[in-house]
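Visitor: I am sharing final-v6.txt, which consists of compact mmCIF, C-alpha atoms:
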# COMPACT_ATOMS: atom_id res chain seq x y z
CA MET K 6 120.87 104.81 161.76
CA PRO K 7 119.37 102.04 159.59
CA GLU K 8 121.88 99.51 158.19
CA SER K 9 121.20 100.62 154.61
CA GLU K 10 122.08 104.22 155.47
CA GLN K 11 125.25 103.08 157.32
CA ILE K 12 126.36 101.16 154.20
CA LEU K 13 125.79 104.18 151.98
CA ALA K 14 127.60 106.43 154.44
CA ARG K 15 130.64 104.16 154.27
CA GLY K 16 130.54 104.27 150.46
CA GLU K 17 129.80 100.56 150.14
CA ALA K 18 127.41 98.97 147.68
CA PRO K 19 124.29 97.39 149.21
CA PRO K 20 124.55 93.58 149.45
CA ASP K 21 121.87 93.06 146.79
CA ALA K 22 123.28 95.61 144.35
CA GLY K 23 124.16 94.27 140.93
CA PRO K 24 127.35 95.05 139.00
CA PRO K 25 127.89 98.72 138.14
CA PRO K 26 126.72 99.75 134.67
CA PRO K 27 129.45 99.56 132.03
CA GLU K 28 131.33 102.79 131.49
CA ALA K 29 130.30 104.43 128.22
CA PRO K 30 132.87 106.05 125.93
CA GLU K 31 132.83 109.84 126.00
CA VAL K 32 131.95 111.82 122.88
CA ARG K 33 133.60 115.22 123.02
CA PRO K 34 133.97 118.16 120.61
CA VAL K 35 137.30 118.76 118.90
CA VAL K 36 138.77 121.41 116.62
CA LEU K 37 141.62 120.50 114.27
CA ASP K 38 144.03 122.75 112.39
CA ALA K 39 143.75 122.17 108.65
CA GLY K 40 146.60 124.32 107.38
CA GLY K 41 145.50 127.36 109.37
CA VAL K 42 141.75 126.71 109.00
CA PRO K 43 139.83 125.27 111.97
CA VAL K 44 137.80 122.12 111.34
CA SER K 45 135.33 121.09 114.02
CA GLY K 46 134.00 117.68 114.88
CA LEU K 47 133.26 115.04 117.49
CA LEU K 48 135.63 112.43 118.87
CA ALA K 49 135.19 109.14 120.75
CA GLU K 50 138.12 106.92 121.76
CA PRO K 51 138.41 103.45 123.33
CA LEU K 52 138.44 103.65 127.10
CA ARG K 53 141.34 101.37 128.02
CA THR K 54 143.20 100.28 124.90
CA PRO K 55 144.97 101.96 121.97
CA PRO K 56 142.75 102.18 118.89
CA ARG K 57 142.90 99.41 116.32
CA ALA K 58 142.20 102.04 113.63
CA VAL K 59 140.61 105.47 113.26
CA VAL K 60 137.19 105.71 111.63
CA VAL K 61 136.64 109.14 110.05
CA ALA K 62 132.93 109.89 109.58
CA VAL K 63 131.93 112.38 106.87
CA HIS K 64 128.37 113.77 106.89
CA GLY K 65 126.15 114.62 103.94
CA GLY K 66 124.78 117.87 102.56
CA GLY K 67 122.96 120.18 104.92
CA MET K 68 124.00 118.23 108.04
CA ARG K 69 126.75 118.38 110.69
CA ALA K 70 129.14 115.95 112.37
CA GLY K 71 126.44 114.99 114.89
CA TYR K 72 124.65 113.07 112.14
CA PHE K 73 126.75 110.07 113.18
CA ASP K 74 126.06 110.54 116.90
CA SER K 75 122.31 109.95 117.16
CA ARG K 76 121.04 110.26 120.72
CA ALA K 77 117.43 109.44 119.88
CA ARG K 78 117.91 105.98 121.40
CA PRO K 79 120.88 104.20 123.06
CA GLY K 80 123.06 102.23 120.66
CA LEU K 81 122.45 104.29 117.53
CA SER K 82 125.64 106.39 117.69
CA LEU K 83 128.48 105.38 115.37
CA LEU K 84 130.93 107.09 117.73
CA THR K 85 130.07 105.26 120.93
CA LEU K 86 129.69 101.91 119.14
CA GLY K 87 133.07 102.28 117.45
CA ALA K 88 134.82 103.18 120.69
CA GLU K 89 133.23 100.16 122.39
CA LEU K 90 134.61 97.96 119.59
CA GLY K 91 138.13 99.30 120.03
CA PHE K 92 138.24 102.00 117.34
CA THR K 93 138.70 105.75 117.55
CA VAL K 94 135.85 107.50 115.72
CA LEU K 95 136.33 111.06 114.47
CA SER K 96 133.24 112.66 112.93
CA LEU K 97 134.17 115.91 111.17
CA ASP K 98 132.22 118.90 109.93
CA ARG K 99 133.09 119.05 106.24
CA PRO K 100 134.82 122.22 104.97
CA GLY K 101 132.14 124.89 104.73
CA TYR K 102 130.30 123.56 107.79
CA GLY K 103 130.83 124.14 111.50
CA VAL K 104 133.65 126.45 112.57
CA SER K 105 135.18 126.42 109.06
CA ALA K 106 132.05 128.01 107.52
CA PRO K 107 133.26 131.63 107.98
CA HIS K 108 136.51 130.70 106.22
CA PHE K 109 134.66 129.12 103.27
CA PRO K 110 131.37 131.06 103.05
CA GLU K 111 130.70 129.67 99.56
CA GLY K 112 132.06 126.23 100.39
CA LEU K 113 134.83 124.41 98.49
CA PRO K 114 135.04 122.22 95.40
CA LEU K 115 135.47 118.52 96.18
CA ALA K 116 139.18 118.45 95.37
CA ASP K 117 139.83 121.32 97.79
CA GLN K 118 137.61 119.69 100.42
CA ALA K 119 139.76 116.56 100.14
CA ARG K 120 142.97 118.52 100.64
CA THR K 121 141.48 120.26 103.69
CA LEU K 122 140.32 116.90 105.07
CA TYR K 123 143.81 115.45 104.77
CA ALA K 124 145.31 118.52 106.43
CA ALA K 125 142.91 118.06 109.36
CA LEU K 126 143.80 114.36 109.60
CA ASP K 127 147.50 115.22 109.57
CA ASP K 128 146.91 117.50 112.54
CA PHE K 129 144.96 114.74 114.32
CA ALA K 130 147.76 112.24 113.67
CA ARG K 131 150.31 114.48 115.37
CA THR K 132 148.65 114.02 118.77
CA HIS K 133 146.64 110.79 118.58
CA PRO K 134 147.49 107.12 117.99
CA LEU K 135 146.10 105.81 114.69
CA GLY K 136 146.39 102.04 114.99
CA ALA K 137 146.25 100.56 111.49
CA GLY K 138 145.30 103.91 109.92
CA PHE K 139 142.25 105.79 108.64
CA PHE K 140 138.99 104.26 107.39
CA LEU K 141 136.27 106.58 106.00
CA VAL K 142 132.55 106.17 106.68
CA ALA K 143 130.59 108.68 104.62
CA HIS K 144 127.00 109.59 103.87
CA SER K 145 125.44 111.12 100.73
CA ASN K 146 127.44 114.20 99.63
CA GLY K 147 130.06 113.18 102.19
CA GLY K 148 130.55 110.06 100.09
CA LYS K 149 131.60 112.27 97.19
CA LEU K 150 134.31 113.75 99.43
CA ALA K 151 135.40 110.29 100.64
CA LEU K 152 135.73 108.99 97.08
CA THR K 153 137.54 112.16 95.99
CA ALA K 154 139.98 111.78 98.89
CA ALA K 155 140.57 108.12 98.00
CA ALA K 156 141.23 109.09 94.37
CA GLN K 157 144.07 111.41 95.35
CA GLU K 158 147.66 110.19 95.39
CA ARG K 159 147.70 109.57 99.11
CA GLY K 160 144.34 107.82 98.98
CA ASP K 161 146.11 104.45 98.76
CA SER K 162 147.04 104.87 102.44
CA LEU K 163 143.38 104.61 103.48
CA LEU K 164 142.14 101.27 104.80
CA GLY K 165 138.91 101.57 102.82
CA LEU K 166 135.60 103.39 102.41
CA ASP K 167 132.05 102.66 103.54
CA VAL K 168 129.56 104.94 101.76
CA SER K 169 125.78 105.17 102.23
CA GLY K 170 123.14 107.16 100.36
CA LEU K 171 125.19 107.83 97.21
CA GLY K 172 125.04 106.46 93.69
CA THR K 173 125.88 107.70 90.22
CA ARG K 174 122.48 107.64 88.49
CA LEU K 175 119.96 110.12 89.85
CA ALA K 176 116.41 109.11 90.75
CA VAL K 177 115.36 112.78 90.45
CA THR K 178 115.95 115.53 87.92
CA PRO K 179 119.00 117.74 88.60
CA ASP K 180 116.80 120.73 89.49
CA GLN K 181 115.26 118.68 92.34
CA LEU K 182 118.59 118.19 94.13
CA PRO K 183 118.88 119.90 97.52
CA GLY K 184 121.06 122.96 97.80
CA ALA K 185 121.04 126.71 97.92
CA GLY K 186 117.66 127.84 96.61
CA ALA K 187 116.59 124.22 96.01
CA PRO K 188 115.80 122.61 99.36
CA GLY K 189 114.59 119.34 97.84
CA ALA K 190 111.74 117.18 99.07
CA TRP K 191 111.71 116.50 102.81
CA ARG K 192 110.32 113.03 102.26
CA ARG K 193 113.23 112.04 100.02
CA HIS K 194 115.66 112.68 102.86
CA TRP K 195 113.75 110.62 105.39
CA GLY K 196 111.34 108.14 103.81
CA ALA K 197 108.52 106.75 105.98
CA LEU K 198 108.30 108.26 109.46
CA ARG K 199 108.10 104.79 111.04
CA LEU K 200 111.76 104.26 110.13
CA TYR K 201 112.94 106.77 112.76
CA PRO K 202 112.63 107.11 116.55
CA PRO K 203 110.25 109.96 117.42
CA ASP K 204 113.07 112.05 118.93
CA ALA K 205 115.10 111.82 115.71
CA PHE K 206 113.24 114.70 114.08
CA ARG K 207 113.45 116.99 117.11
CA LEU K 208 117.16 116.28 117.62
CA GLY K 209 117.78 116.40 113.88
CA ARG K 210 116.86 120.08 113.73
CA GLU K 211 120.05 120.83 115.66
CA LEU K 212 122.13 119.15 112.95
CA VAL K 213 120.75 121.02 109.95
CA ALA K 214 123.07 123.54 108.26
CA PRO K 215 122.92 125.48 104.98
CA VAL K 216 124.33 123.72 101.92
CA PRO K 217 127.27 125.83 100.66
CA ALA K 218 126.75 127.36 97.23
CA VAL K 219 129.74 125.60 95.62
CA GLU K 220 128.48 122.24 96.84
CA ALA K 221 125.03 122.94 95.42
CA ARG K 222 126.50 123.93 92.04
CA GLU K 223 128.67 120.81 91.87
CA ALA K 224 125.88 118.38 92.78
CA PRO K 225 124.38 117.94 89.28
CA LEU K 226 127.87 117.32 87.84
CA TRP K 227 128.55 114.21 89.95
CA PRO K 228 127.24 111.54 87.50
CA GLU K 229 129.50 112.89 84.76
CA ALA K 230 132.54 113.31 87.02
CA TYR K 231 132.25 109.95 88.77
CA PRO K 232 133.78 107.50 86.21
CA ASP K 233 137.15 109.27 85.93
CA LEU K 234 137.26 109.71 89.71
CA ALA K 235 136.34 106.07 90.40
CA ALA K 236 139.12 104.84 88.12
CA ARG K 237 141.62 106.29 90.61
CA VAL K 238 140.08 104.70 93.74
CA ARG K 239 142.31 101.76 94.64
CA VAL K 240 141.11 100.85 98.15
CA PRO K 241 138.14 98.63 99.16
CA VAL K 242 134.72 100.29 98.89
CA ARG K 243 131.29 99.28 100.17
CA PHE K 244 128.10 101.09 99.15
CA THR K 245 124.82 100.84 101.05
CA PHE K 246 121.42 101.89 99.71
CA ALA K 247 118.49 102.24 102.09
CA GLU K 248 115.31 100.42 101.16
CA GLN K 249 113.61 103.80 100.77
CA GLU K 250 116.50 105.64 99.10
CA GLN K 251 114.85 108.22 96.82
CA TRP K 252 117.73 110.36 95.55
CA TRP K 253 119.72 107.66 93.74
CA ARG K 254 118.80 104.66 91.62
CA PHE K 255 120.05 101.26 92.75
CA ASP K 256 118.55 98.95 90.13
CA PRO K 257 120.96 96.42 88.52
CA GLY K 258 121.91 98.81 85.72
CA ALA K 259 122.62 101.65 88.15
CA VAL K 260 124.66 99.37 90.41
CA ALA K 261 126.73 98.20 87.43
CA ALA K 262 127.40 101.83 86.46
CA LEU K 263 128.51 102.49 90.05
CA THR K 264 130.88 99.56 90.42
CA ALA K 265 132.34 99.07 86.93
CA PRO K 266 134.61 102.18 86.83
CA LEU K 267 136.20 101.50 90.24
CA ALA K 268 139.82 100.31 90.41
CA ALA K 269 139.22 99.09 93.97
CA PRO K 270 140.41 95.58 94.93
CA LYS K 271 137.05 94.89 96.59
CA VAL K 272 133.65 96.45 95.86
CA ARG K 273 130.42 95.56 97.62
CA VAL K 274 126.92 96.95 97.21
CA ASP K 275 124.33 96.23 99.91
CA GLN K 276 120.71 97.19 100.43
CA LEU K 277 119.48 97.88 103.96
CA GLN K 278 115.86 97.08 104.72
CA ASP K 279 113.68 99.25 106.97
CA ALA K 280 115.76 102.36 106.33
CA GLY K 281 115.44 105.74 104.64
CA HIS K 282 118.13 107.97 103.15
CA ASN K 283 119.24 109.30 106.58
CA ILE K 284 120.21 105.82 107.76
CA SER K 285 122.34 106.89 110.72
CA LEU K 286 119.43 108.80 112.28
CA GLY K 287 116.96 105.92 111.96
CA TRP K 288 116.15 102.66 113.71
CA ALA K 289 118.51 100.94 111.25
CA ALA K 290 121.52 103.00 112.37
CA ARG K 291 122.98 100.32 114.62
CA THR K 292 122.58 97.64 111.98
CA TYR K 293 124.27 99.80 109.35
CA HIS K 294 127.09 100.84 111.68
CA LEU K 295 127.79 97.22 112.65
CA GLN K 296 127.96 96.30 108.97
CA ALA K 297 130.38 99.19 108.34
CA PHE K 298 132.63 98.00 111.16
CA GLY K 299 132.36 94.49 109.77
CA PHE K 300 133.65 95.75 106.43
CA LEU K 301 136.49 97.51 108.24
CA GLU K 302 137.32 94.17 109.89
CA GLU K 303 137.53 92.61 106.42
CA CYS K 304 139.89 95.36 105.30
CA LEU K 305 142.09 94.83 108.37
CA LEU K 306 142.08 91.08 107.83
CA ALA K 307 143.14 91.44 104.18
CA ARG K 308 145.85 93.88 105.19
CA ASP K 309 147.24 91.63 107.92
CA ALA K 310 147.02 88.46 105.84
CA ALA K 311 149.00 90.10 103.02
CA ILE K 312 151.94 90.95 105.32
CA PRO K 313 154.40 88.11 106.15
CA ARG K 314 155.05 87.40 109.81
CA PRO K 315 158.25 88.80 111.28
CA ARG K 316 161.28 86.48 111.11
CA ASP K 317 161.15 85.79 114.85
CA GLY K 318 157.61 84.44 114.45
CA ALA K 319 156.09 87.07 116.72
CA LEU K 320 152.48 87.88 116.03
CA ARG K 321 151.41 91.35 115.02
CA SER K 322 149.88 93.43 117.82
CA GLN K 323 146.70 93.96 115.81
CA ASN K 324 144.18 91.21 116.56
CA PRO K 325 141.38 91.14 113.98
CA THR K 326 139.89 87.97 115.50
CA ALA K 327 139.21 89.69 118.80
CA GLY K 328 137.56 92.59 117.00
CA THR K 329 135.42 90.21 114.96
CA GLU K 330 134.25 88.52 118.15
CA ARG K 331 133.15 91.90 119.52
CA ILE K 332 131.27 92.60 116.30
CA HIS K 333 129.47 89.25 116.51
CA ALA K 334 128.56 89.88 120.15
CA ALA K 335 127.20 93.31 119.30
CA LEU K 336 125.20 91.90 116.39
CA HIS K 337 123.70 89.36 118.76
CA ARG K 338 122.61 92.13 121.12
CA THR K 339 121.00 94.39 118.55
CA ARG K 340 117.24 94.21 118.17
CA VAL K 341 117.34 95.22 114.49
CA PRO K 342 117.78 92.26 112.10
CA VAL K 343 120.66 92.40 109.65
CA PRO K 344 119.37 91.73 106.12
CA ALA K 345 121.24 89.54 103.69
CA PRO K 346 122.90 91.67 100.98
CA GLU K 347 121.09 91.63 97.66
CA ARG K 348 124.29 91.93 95.67
CA ALA K 349 127.96 91.72 96.43
CA ALA K 350 130.75 92.19 93.95
CA CYS K 351 134.36 91.64 94.93
Rewrite the structure of this file - the entire thing - as structure tokens.

Guide:
Amino acid sequence: MPESEQILARGEAPPDAGPPPPEAPEVRPVVLDAGGVPVSGLLAEPLRTPPRAVVVAVHGGGMRAGYFDSRARPGLSLLTLGAELGFTVLSLDRPGYGVSAPHFPEGLPLADQARTLYAALDDFARTHPLGAGFFLVAHSNGGKLALTAAAQERGDSLLGLDVSGLGTRLAVTPDQLPGAGAPGAWRRHWGALRLYPPDAFRLGRELVAPVPAVEAREAPLWPEAYPDLAARVRVPVRFTFAEQEQWWRFDPGAVAALTAPLAAPKVRVDQLQDAGHNISLGWAARTYHLQAFGFLEECLLARDAAIPRPRDGALRSQNPTAGTERIHAALHRTRVPVPAPERAAC
């Protein structure tokens, strides 16, 4: 028997074999109990350490939880990236989507969606470590749910919000918004085709779901409802607009209208180059996700810096510096440049 076959038979690595490939975090389906209603989603957890926090990803209208788990190219998934950086990432199907759809065939108003979301997170917390707590990453109509959840009484317990593809001044007329009987313009969802890996459109078909009727009816009311809602949001918020965002205005006047009503201690508005509305399905997904985790690191840093050290001088178990170093290393590896923000307000 040749020496190479003898080595393989003994289960040894050949002498010239390099190190084994790094183990990738698993993304697996989950179903949570939201007060007797099932809520489906996807979950990724750190492989060897407790989570530093739990990132809850909330998809937009007409999509599913897999929006944040792009498999078109390696490195684009929010779930696997977050787990590699030491966070648990839980991407949920919003109420009215996934396994909850039969329970809410018409969907739910935003306030009821928020209550259902919290009930699902309470169920998750009963069986999973949370680290520093929950941080919401939300897209488009999912951003409306994230802001509504933050505006509720228990919203102060959230670490912060990172919202993409949502403003308060429409770039279209209300009758052009997507929803039941009004599918909207395909190009407004995506922008230029060059902004997405070729497989994104084929894989994206599996994520598409009907927009519930209640959600479609509420959509035109958002600009009017936003100011009162924003005045009750008291946690840090970052908004990101894609370069080719076509549903919402993000000119200086529109940005001022978005940020002024917020009671948040920190508000940032960024623009992401080389991206369309569906950022997390495009080439820019990794760049955006790294920026979202960077904002989470800022929220953790502010939280830790505001708490005095214990009397015995022991350091807290959370280590934001180590997490920041992992972010910087990941930014160095990514092939997509990170643009400088056009405007930041804190």

Visitor: Could you list, as a short mmCIF file (atom, residue, chain, number, x, y, z; two decimals) with C-alpha atoms, in the coordinates of the input, every residue within 7 Å of range 251-264 of chain K, counting only C-alpha atoms and ignoring same-chain residues fewer than 2 positions away?

Guide:
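Once written, part_5.cif looks like this:
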data_model
loop_
_atom_site.label_atom_id
_atom_site.label_comp_id
_atom_site.auth_asym_id
_atom_site.auth_seq_id
_atom_site.Cartn_x
_atom_site.Cartn_y
_atom_site.Cartn_z
CA LEU K 171 125.19 107.83 97.21
CA GLY K 172 125.04 106.46 93.69
CA THR K 173 125.88 107.70 90.22
CA ARG K 174 122.48 107.64 88.49
CA LEU K 175 119.96 110.12 89.85
CA ALA K 176 116.41 109.11 90.75
CA VAL K 177 115.36 112.78 90.45
CA ARG K 193 113.23 112.04 100.02
CA GLN K 249 113.61 103.80 100.77
CA PRO K 266 134.61 102.18 86.83
CA LEU K 267 136.20 101.50 90.24
CA VAL K 272 133.65 96.45 95.86
#

Visitor: Using all atoms listed in the file, find all polymer residues with an atom at most 9 Å away from the point (149.4, 104.1, 117.9); report them as a PyMOL selection string.

Guide: chain K and resi 55-58+133-138

Visitor: Report as a Markdown table: every residue of range 104-205 of chain K with an atom at most 9 Å from range 290-311 of chain K, its closest pair of atoms, and their distance in Å to one decimal, counting only C-alpha atoms, with rows sorted by chain and ascending residue number.

Guide:
| residue | atom | partner | partner_atom | distance |
| --- | --- | --- | --- | --- |
| K:Ala137 | CA | K:Leu305 | CA | 7.7 |
| K:Phe140 | CA | K:Leu301 | CA | 7.2 |
| K:Val142 | CA | K:Ala297 | CA | 7.5 |
| K:Leu164 | CA | K:Cys304 | CA | 6.3 |
| K:Gly165 | CA | K:Cys304 | CA | 6.8 |
| K:Leu166 | CA | K:Leu301 | CA | 8.3 |
| K:Asp167 | CA | K:Ala297 | CA | 6.2 |
| K:Val168 | CA | K:Ala297 | CA | 8.8 |

Visitor: What does the distance between CA of His144 in chain K and CA of His64 in chain K come to in Å, to one decimal place?

Guide: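 Going from CA of His144 in chain K over to CA of His64 in chain K covers 5.3 Å.
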
Visitor: Fewer than 4 positions away in the same chain doesn't count, so skip those; otherwise give me all residues within 7 Å of range 210-216 of chain K, counting only C-alpha atoms, as a list in words.

Guide: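 The neighbour list is Gly66, Gly67, Met68, Arg69, Gly71, Tyr72, Gly184, Ala185, Phe206, Glu220 and Ala221 of chain K.
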
Visitor: Work out how far apart CA of Glu229 in chain K and CA of Leu150 in chain K are and give it in Å to one decimal.

Guide: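 Between CA of Glu229 in chain K and CA of Leu150 in chain K the gap is 15.5 Å.
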
Visitor: What residues have an atom no more than 9 Å from (135.5, 102.6, 118.9) in the file's own frame, counting all atoms listed in the file, and can you write them as a PyMOL selection string?

Guide: chain K and resi 30+49-52+56-60+83-94

Visitor: Return the single residue from K:Leu81, K:Tyr102, K:Pro107, K:Arg237 that is closest to Glu158 in chain K, with distances computed using all atoms listed in the file.

Guide: K:Arg237

Visitor: Quick one: pull the distance between CA of Asp74 in chain K and CA of Ala62 in chain K, Å, one decimal.

Guide: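 If I compute the distance from CA of Asp74 in chain K to CA of Ala62 in chain K, I get 10.1 Å.
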
Visitor: What's the 10 Å shell around Ala39 in chain K, counting all atoms listed in the file, without same-chain residues fewer than 4 positions away, as a list in words?

Guide: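 Selected residues are Pro43, Val44, Pro100, Ser105, Arg120, Thr121, Leu122, Tyr123, Ala124, Ala125, Leu126, Asp127, Asp128 and Phe129 of chain K.
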
Visitor: Under the rule that only C-alpha atoms are counted, which of K:Asp233, K:Asp161, K:Glu31, K:Asp279 is the nearest residue to Gly196 in chain K?

Guide: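 Closest to Gly196 in chain K of all the choices is K:Asp279.
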